[in-house]
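Here the structure is laid out as structure tokens; the discussion comes afterwards.
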Amino acid sequence: MVMERRKLVGKVTTGSETFNALMGGGFETQSIVELYGEFGSGKTQVAHQVAVNVQLSGELGGLDGSVIIIDTENTFRPERIIQMVEGLSPSPDPDRPWDPEEFLKNIHVARAYNSNHQILLAESALDLAEKLKKSGKPVRLLIVDSLTAHFRAEYVGRGTLADRQQKLNKHLHTLMRFADLNNAVVLVTNQVMAKPDAFFGDPTKPVGGHIVGHTATFRIYLRKSKGDKRIARLVDSPNLPDGEAVFSVTTAGLLD
Ligand code: GTP
Ligand code: MG
């Protein structure tokens with residue numbers, strides 16, 4: 001069963017060859033990819049780029065898919081999507097140049113106002129994906145940016161930590177179901193201080209550890225380097241060696 005499902009796994013290009021190589025070709029479907037790092041480390045930028053790339057055809061590193069974004073910090077920027085579409089290599093069909101409006105139409109954004117709302121939106125994403133399967137582009141990417149901000153803000157103090165973890169685990173379970181049912185990438189962001197905190201317990205262990213079924217989890221630690229350079233470190237993955245990749249965040253998007 002698991003072997004059969006693995007054959008269907010698709011990969012989405014990040015736009016950077018070195019980042020792709022680190023990930024074994026790109027971000028995998030049927031998995032949760034967690035981008036964690038400090039403010040400004042590029043988590044939201046990577047999310048925007050993948051929301052563009054997943055819409056491309058297979059030959060161009062995409063999955064011909066549409067996107068759902070659960071935006072908890074109001075950081076989704078349509079203008080940034082337009083810039084990134086304009087930054088793509090030219091469309092292979094000269095009669096059909098890239099249309100940024102088309103790309104925007106395939107990105108369904110919902111603002112989450114608190115953690116309960118976020119949980120509800122993840123559940124309704126399952127319904128929306130079902131609808132889009134029948135009419136339109138199937139959803140191959142679900143982004144939760146940020147996964148943790150509301151939970152962190154609402155659950156302060158030791159007494160509530162267990163509650164928080166329990167709720168977050170349930171939420172992750174929904175996200176894993178989404179990844180499996182839709183053969184989709186689930187991309188989540190998690191802001192941490194320069195020294196990774198213990199939000200998920202041991203930071204070298206995969207998020208949501210024991211509740212994982214066959215859904216793979218990749219954890220990527222992002223940090224700033226000189227200028228527009230960013231370093232991605234694969235911290236934990238089911239089948240890939242740990243390593244690092246350097247890429248740039250430019251006006252045109254993610255580049256080597
Ligand atoms: P938090 O959400 O605060 O935790 O940060 P983040 O990790 O999501 O950071 P984000 O992805 O927002 O990265 C911000 C950085 O990306 C900025 O400091 C810029 O270096 C770069 N960036 C953001 N927008 C643009 C843009 O339009 N053009 C270019 N060239 N760079 C951008
Ligand atoms: Mg962000």
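Residues in the structure tokens are named by chain (A, B, ... in the order shown) and by number from 1 within that chain; ligands are numbered from 1 in the order shown.
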Kindly provide, as number ranges by chain, all nucleotide and amino acid residues lying within 8 Å of ligand 2, counting only C-alpha atoms and all ligand atoms. A: 39-40, 42-45, 73, 75, 145-146, 189, 191
Excluding Ala252 (chain A) and residues on its chain fewer than 6 positions from it, collect all residues at most 7 Å away from it, counting only C-alpha atoms, and give them as a list in words.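 Contacts, with the query itself left out: Gln83, Met84, Glu86 and Gly87 of chain A.
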Deliver the residues from the most recent selection as a file, using all heavy atoms, as a PDB file, in the first residue's frame.
```pdb
ATOM      1  N   GLN A  83       5.066  39.637  -9.496  1.00  0.00           N
ATOM      2  CA  GLN A  83       6.517  39.768  -9.746  1.00  0.00           C
ATOM      3  C   GLN A  83       7.147  38.410 -10.034  1.00  0.00           C
ATOM      4  O   GLN A  83       7.991  38.275 -10.922  1.00  0.00           O
ATOM      5  CB  GLN A  83       7.218  40.343  -8.512  1.00  0.00           C
ATOM      6  CG  GLN A  83       7.093  41.835  -8.330  1.00  0.00           C
ATOM      7  CD  GLN A  83       7.860  42.289  -7.083  1.00  0.00           C
ATOM      8  OE1 GLN A  83       8.155  41.505  -6.174  1.00  0.00           O
ATOM      9  NE2 GLN A  83       8.176  43.574  -7.037  1.00  0.00           N
ATOM     10  N   MET A  84       6.756  37.417  -9.255  1.00  0.00           N
ATOM     11  CA  MET A  84       7.370  36.086  -9.412  1.00  0.00           C
ATOM     12  C   MET A  84       6.952  35.433 -10.725  1.00  0.00           C
ATOM     13  O   MET A  84       7.746  34.723 -11.350  1.00  0.00           O
ATOM     14  CB  MET A  84       7.019  35.199  -8.219  1.00  0.00           C
ATOM     15  CG  MET A  84       7.799  35.598  -6.975  1.00  0.00           C
ATOM     16  SD  MET A  84       7.260  34.661  -5.534  1.00  0.00           S
ATOM     17  CE  MET A  84       8.572  35.065  -4.364  1.00  0.00           C
ATOM     18  N   GLU A  86       6.257  37.118 -13.407  1.00  0.00           N
ATOM     19  CA  GLU A  86       7.059  37.851 -14.404  1.00  0.00           C
ATOM     20  C   GLU A  86       8.509  37.397 -14.372  1.00  0.00           C
ATOM     21  O   GLU A  86       9.233  37.527 -15.367  1.00  0.00           O
ATOM     22  CB  GLU A  86       6.935  39.364 -14.149  1.00  0.00           C
ATOM     23  CG  GLU A  86       5.557  39.891 -14.549  1.00  0.00           C
ATOM     24  CD  GLU A  86       5.254  41.300 -14.037  1.00  0.00           C
ATOM     25  OE1 GLU A  86       6.025  41.803 -13.188  1.00  0.00           O
ATOM     26  OE2 GLU A  86       4.228  41.869 -14.475  1.00  0.00           O
ATOM     27  N   GLY A  87       8.948  36.856 -13.266  1.00  0.00           N
ATOM     28  CA  GLY A  87      10.326  36.383 -13.131  1.00  0.00           C
ATOM     29  C   GLY A  87      10.549  34.961 -13.632  1.00  0.00           C
ATOM     30  O   GLY A  87      11.688  34.491 -13.679  1.00  0.00           O
TER      31      GLY A  87
END
```
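The nearest approach to Leu172 (chain A) among the residues A:Leu126, A:Leu88, A:Ile119, A:Ala245, with only C-alpha atoms taken into account, belongs to A:Ile119.
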Lys229 (chain A): which residues within 12 Å, counting only C-alpha atoms, same-chain residues fewer than 6 positions away excluded, as a ChimeraX atom specification? /A:16,40-42,222-223,245-250,253-256
Generate the output file for the selected residues, C-alpha atoms, as a PDB file, in the first residue's frame.
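Saved as result.pdb:
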```
ATOM      1  CA  SER A  16      16.544  26.981  -7.044  1.00  0.00           C
ATOM      2  CA  GLY A  40      12.872  37.747   7.648  1.00  0.00           C
ATOM      3  CA  SER A  41      14.564  34.411   6.956  1.00  0.00           C
ATOM      4  CA  GLY A  42      12.422  33.937   3.836  1.00  0.00           C
ATOM      5  CA  LEU A 222      16.086  28.850   7.013  1.00  0.00           C
ATOM      6  CA  ARG A 223      18.542  31.545   7.920  1.00  0.00           C
ATOM      7  CA  ALA A 245      21.636  24.813   0.170  1.00  0.00           C
ATOM      8  CA  VAL A 246      22.250  28.484  -0.569  1.00  0.00           C
ATOM      9  CA  PHE A 247      19.770  30.433  -2.683  1.00  0.00           C
ATOM     10  CA  SER A 248      18.770  34.050  -3.277  1.00  0.00           C
ATOM     11  CA  VAL A 249      15.484  35.889  -2.798  1.00  0.00           C
ATOM     12  CA  THR A 250      15.364  38.394  -5.663  1.00  0.00           C
ATOM     13  CA  GLY A 253      11.769  35.272  -6.944  1.00  0.00           C
ATOM     14  CA  LEU A 254      13.915  32.400  -5.693  1.00  0.00           C
ATOM     15  CA  LEU A 255      17.096  31.837  -7.682  1.00  0.00           C
ATOM     16  CA  ASP A 256      20.380  30.013  -7.255  1.00  0.00           C
TER      17      ASP A 256
END
```
Of A:Ser31, A:Arg77, A:Lys224, A:Val12, the one sitting nearest Arg177 (chain A) when using only C-alpha atoms is A:Ser31
Using DSSP assignments from the backbone, pull out every residue in region 5-236 of chain A that falls under alpha helix (DSSP H) and give it to me as a PyMOL selection string. chain A and resi 5-7+17-22+43-53+78-86+100-105+115-134+149-154+161-181
Go through region 18-247 of chain A and collect every residue that DSSP, computed from the backbone, puts in strand (DSSP E); the answer should be as a PyMOL selection string. chain A and resi 27-28+31-37+66-71+107-111+139-145+185-191+216-224+229-236+243-247
Taking into account only C-alpha atoms and all ligand atoms, which residue in the set A:Asn116, A:Asn182, A:Gln55, A:Gln49 is nearest to ligand 1?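 Ranked by minimum distance to ligand 1, first place goes to A:Gln49.
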Correct to one decimal, the distance CA of Ala47 (chain A)-atom 6 (P, counted along the ligand's line) of ligand 1 is 9.5 Å
Write out as a list in words each polymer residue whose atoms come within 10 Å of Ser66 (chain A), counting only C-alpha atoms; drop sequence neighbours fewer than 4 positions from it.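 My list of contacting residues is Ala51, Val52, Asn53, Val54, Gln55, Leu56, Phe103, Leu104, Lys105, Asn106, Ile107, His108, Ala129, Leu132, Lys133, Gly136, Lys137, Pro138, Val139, Arg140, Leu141, Leu142 and Ala184 of chain A.
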Please save N, CA, C and O atoms of the selected residues as a CSV table (one decimal), in the first residue's frame.
```csv
chain,number,residue,atom,x,y,z
A,51,ALA,N,3.8,28.6,-4.5
A,51,ALA,CA,2.4,28.8,-4.9
A,51,ALA,C,2.4,29.2,-6.4
A,51,ALA,O,1.4,28.9,-7.1
A,52,VAL,N,3.4,29.8,-6.9
A,52,VAL,CA,3.5,30.0,-8.4
A,52,VAL,C,3.9,28.7,-9.1
A,52,VAL,O,3.3,28.3,-10.0
A,53,ASN,N,5.0,28.1,-8.6
A,53,ASN,CA,5.6,27.0,-9.3
A,53,ASN,C,4.7,25.8,-9.4
A,53,ASN,O,4.7,25.1,-10.4
A,54,VAL,N,3.9,25.5,-8.4
A,54,VAL,CA,3.0,24.3,-8.4
A,54,VAL,C,2.0,24.4,-9.5
A,54,VAL,O,1.5,23.4,-10.0
A,55,GLN,N,1.8,25.6,-10.1
A,55,GLN,CA,0.8,25.8,-11.1
A,55,GLN,C,1.4,25.4,-12.5
A,55,GLN,O,0.6,25.2,-13.5
A,56,LEU,N,2.7,25.3,-12.6
A,56,LEU,CA,3.3,25.0,-13.9
A,56,LEU,C,3.1,23.5,-14.2
A,56,LEU,O,2.7,22.7,-13.4
A,103,PHE,N,-2.6,33.0,-12.6
A,103,PHE,CA,-1.9,32.5,-11.5
A,103,PHE,C,-2.6,32.9,-10.2
A,103,PHE,O,-2.9,32.1,-9.3
A,104,LEU,N,-3.0,34.1,-10.1
A,104,LEU,CA,-3.7,34.6,-8.9
A,104,LEU,C,-5.0,34.0,-8.7
A,104,LEU,O,-5.4,33.7,-7.6
A,105,LYS,N,-5.7,33.7,-9.8
A,105,LYS,CA,-7.0,33.1,-9.8
A,105,LYS,C,-6.9,31.7,-9.1
A,105,LYS,O,-7.9,31.2,-8.6
A,106,ASN,N,-5.8,31.0,-9.3
A,106,ASN,CA,-5.7,29.7,-8.8
A,106,ASN,C,-5.1,29.6,-7.4
A,106,ASN,O,-4.7,28.5,-6.9
A,107,ILE,N,-5.0,30.8,-6.8
A,107,ILE,CA,-4.5,30.8,-5.4
A,107,ILE,C,-5.7,31.3,-4.5
A,107,ILE,O,-6.2,32.4,-4.6
A,108,HIS,N,-6.2,30.4,-3.7
A,108,HIS,CA,-7.4,30.7,-2.8
A,108,HIS,C,-6.9,31.0,-1.4
A,108,HIS,O,-6.4,30.1,-0.7
A,129,ALA,N,-11.1,21.6,-1.7
A,129,ALA,CA,-10.3,20.8,-2.6
A,129,ALA,C,-11.1,19.7,-3.3
A,129,ALA,O,-10.9,19.5,-4.5
A,132,LEU,N,-12.9,21.6,-6.1
A,132,LEU,CA,-12.0,21.9,-7.2
A,132,LEU,C,-11.5,20.7,-8.0
A,132,LEU,O,-11.1,20.8,-9.1
A,133,LYS,N,-11.5,19.5,-7.4
A,133,LYS,CA,-11.2,18.3,-8.1
A,133,LYS,C,-12.1,18.1,-9.2
A,133,LYS,O,-11.8,17.6,-10.3
A,136,GLY,N,-12.1,22.4,-12.3
A,136,GLY,CA,-11.0,23.3,-12.2
A,136,GLY,C,-9.7,22.5,-11.9
A,136,GLY,O,-9.7,21.3,-12.0
A,137,LYS,N,-8.7,23.3,-11.5
A,137,LYS,CA,-7.4,22.7,-11.2
A,137,LYS,C,-7.4,22.0,-9.8
A,137,LYS,O,-7.8,22.7,-8.9
A,138,PRO,N,-7.0,20.7,-9.7
A,138,PRO,CA,-7.0,20.1,-8.4
A,138,PRO,C,-5.9,20.9,-7.5
A,138,PRO,O,-4.9,21.4,-8.0
A,139,VAL,N,-6.2,20.9,-6.2
A,139,VAL,CA,-5.3,21.6,-5.3
A,139,VAL,C,-4.2,20.7,-5.0
A,139,VAL,O,-4.3,19.5,-4.5
A,140,ARG,N,-3.0,21.1,-5.3
A,140,ARG,CA,-1.8,20.3,-5.0
A,140,ARG,C,-0.9,20.9,-4.0
A,140,ARG,O,0.2,20.4,-3.7
A,141,LEU,N,-1.3,22.1,-3.4
A,141,LEU,CA,-0.5,22.7,-2.4
A,141,LEU,C,-1.4,23.5,-1.4
A,141,LEU,O,-2.3,24.2,-1.8
A,142,LEU,N,-1.2,23.2,-0.2
A,142,LEU,CA,-1.9,23.9,0.9
A,142,LEU,C,-0.8,24.5,1.8
A,142,LEU,O,0.2,23.9,2.2
A,184,ALA,N,-1.0,16.1,-2.2
A,184,ALA,CA,-0.6,17.5,-2.2
A,184,ALA,C,0.6,17.7,-1.3
A,184,ALA,O,0.8,17.0,-0.4
```
